[in-house]
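Asks: Below you'll find the structure I mean.
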Amino acid sequence: MSKRKIYGQKAAVALKYNPNLNYAPVVVASGLGELAQRIVNIADENGVPIYRDDSTAALLVMLNSGEHIPPELYSVVAAIYAEVVYSANEMKKLKPPRGRK
């Protein structure tokens, strides 16, 4: 875990989870300030769901890239994942079928 100073800076973290390869989600990118904004922009441009929670981001940004989230954050990250999946499903319901407008 790194000791980054986050006072007043925007933080962003990208996580990846593959249950066949990893026992817990892994940090694939994290940053503060302008780097955080770039992470959010890249996710948005690529259709990656974005969940905004400053408190959780402040904790997760202390992890290094390639590091698994610690067991103490499993329930927090699981709740975020559930919300992202729910939101994605809701968005699919609102999208018209292909070929229709």
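Naming works like this for the structure tokens: A, B, ... for the chains as they're shown, residue 1 at the start of each chain, ligands 1 onward in shown order.
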Identify, on the basis of only C-alpha atoms, every residue whose closest approach to stretch 76-86 of chain A does not exceed 8 Å; exclude the query and any residue fewer than 6 positions from it along the same chain; express the result as a ChimeraX atom specification.
Replies: /A:49-51,56
Asks: The selected residues should be written to file as an mmCIF file, in the first residue's frame (atoms: N, CA and C atoms).
Replies:
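File produced: result-v4.cif:
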data_model
loop_
_atom_site.group_PDB
_atom_site.id
_atom_site.type_symbol
_atom_site.label_atom_id
_atom_site.label_comp_id
_atom_site.auth_asym_id
_atom_site.auth_seq_id
_atom_site.Cartn_x
_atom_site.Cartn_y
_atom_site.Cartn_z
ATOM 1 N N PRO A 49 -18.438 1.065 -16.672
ATOM 2 C CA PRO A 49 -19.261 1.708 -15.647
ATOM 3 C C PRO A 49 -18.406 2.478 -14.640
ATOM 4 N N ILE A 50 -18.914 3.633 -14.238
ATOM 5 C CA ILE A 50 -18.211 4.479 -13.277
ATOM 6 C C ILE A 50 -19.084 4.625 -12.042
ATOM 7 N N TYR A 51 -18.501 4.363 -10.903
ATOM 8 C CA TYR A 51 -19.188 4.519 -9.617
ATOM 9 C C TYR A 51 -18.431 5.570 -8.835
ATOM 10 N N THR A 56 -14.466 5.762 -0.692
ATOM 11 C CA THR A 56 -13.909 4.492 -1.153
ATOM 12 C C THR A 56 -12.714 4.735 -2.066
#
Asks: I'd like the neighbourhood of stretch 19-22 of chain A as a list in words, where a residue qualifies if any of its atoms comes within 12 Å (using only C-alpha atoms), though same-chain residues fewer than 6 positions away should be ignored.
Replies: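 Near stretch 19-22 of chain A, the qualifying residues are Gly66, Glu67, His68 and Ile69 of chain A.
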Asks: Would you give me, as a PyMOL selection string, the residues in chain A that DSSP reads as alpha helix (DSSP H)?
Replies: chain A and resi 34-45+54-60+74-94
Asks: Excluding same-chain residues fewer than 2 positions from stretch 23-36 of chain A, what lies within 9 Å of it counting only C-alpha atoms, as a short mmCIF file (atom, residue, chain, number, x, y, z; two decimals) with C-alpha atoms, in the first residue's frame?
Replies:
data_model
loop_
_atom_site.label_atom_id
_atom_site.label_comp_id
_atom_site.auth_asym_id
_atom_site.auth_seq_id
_atom_site.Cartn_x
_atom_site.Cartn_y
_atom_site.Cartn_z
CA ARG A 4 -0.11 9.04 -1.36
CA LYS A 5 -1.27 12.43 -0.15
CA ILE A 6 -4.86 12.84 -1.26
CA GLN A 9 -7.50 15.94 -4.68
CA LYS A 10 -9.83 13.91 -6.84
CA ALA A 11 -9.01 10.20 -6.65
CA ALA A 12 -9.92 7.47 -9.14
CA VAL A 13 -9.29 3.74 -9.19
CA ALA A 14 -9.97 1.14 -11.87
CA LEU A 15 -10.55 -2.41 -10.69
CA LYS A 16 -10.60 -5.67 -12.59
CA TYR A 17 -12.03 -8.94 -11.35
CA ASN A 18 -11.86 -12.33 -12.98
CA PRO A 19 -12.95 -15.05 -10.55
CA ASN A 20 -11.13 -17.65 -12.67
CA LEU A 21 -7.80 -15.86 -12.22
CA ARG A 38 -7.86 10.75 -17.21
CA ILE A 39 -8.81 7.38 -15.67
CA VAL A 40 -12.46 8.48 -15.47
CA ASN A 41 -12.41 9.85 -19.03
CA ALA A 57 -11.70 6.04 -3.83
CA LEU A 60 -8.46 2.29 -2.85
CA VAL A 61 -6.07 4.86 -4.34
CA MET A 62 -3.58 3.90 -1.62
CA LEU A 63 -3.21 0.49 -3.29
CA ASN A 64 -0.61 -0.01 -5.99
CA SER A 65 -1.43 -1.17 -9.50
CA GLY A 66 -1.55 -4.98 -9.60
CA GLU A 67 -2.43 -5.23 -5.92
CA HIS A 68 -5.52 -7.13 -4.75
CA ILE A 69 -7.99 -5.24 -2.62
CA PRO A 70 -7.61 -6.19 1.05
CA PRO A 71 -10.24 -8.38 2.76
CA TYR A 74 -14.42 -6.86 0.16
CA VAL A 77 -16.32 -3.33 -3.28
#
Asks: Using DSSP on the backbone coordinates, identify all residues within chain A classified as strand (DSSP E); present the result as a ChimeraX atom specification.
Replies: /A:11-16,26-32
Asks: So what do you get for atom CA of A:Leu73 versus atom CA of A:Ala43, distance-wise?
Replies: 21.9 Å
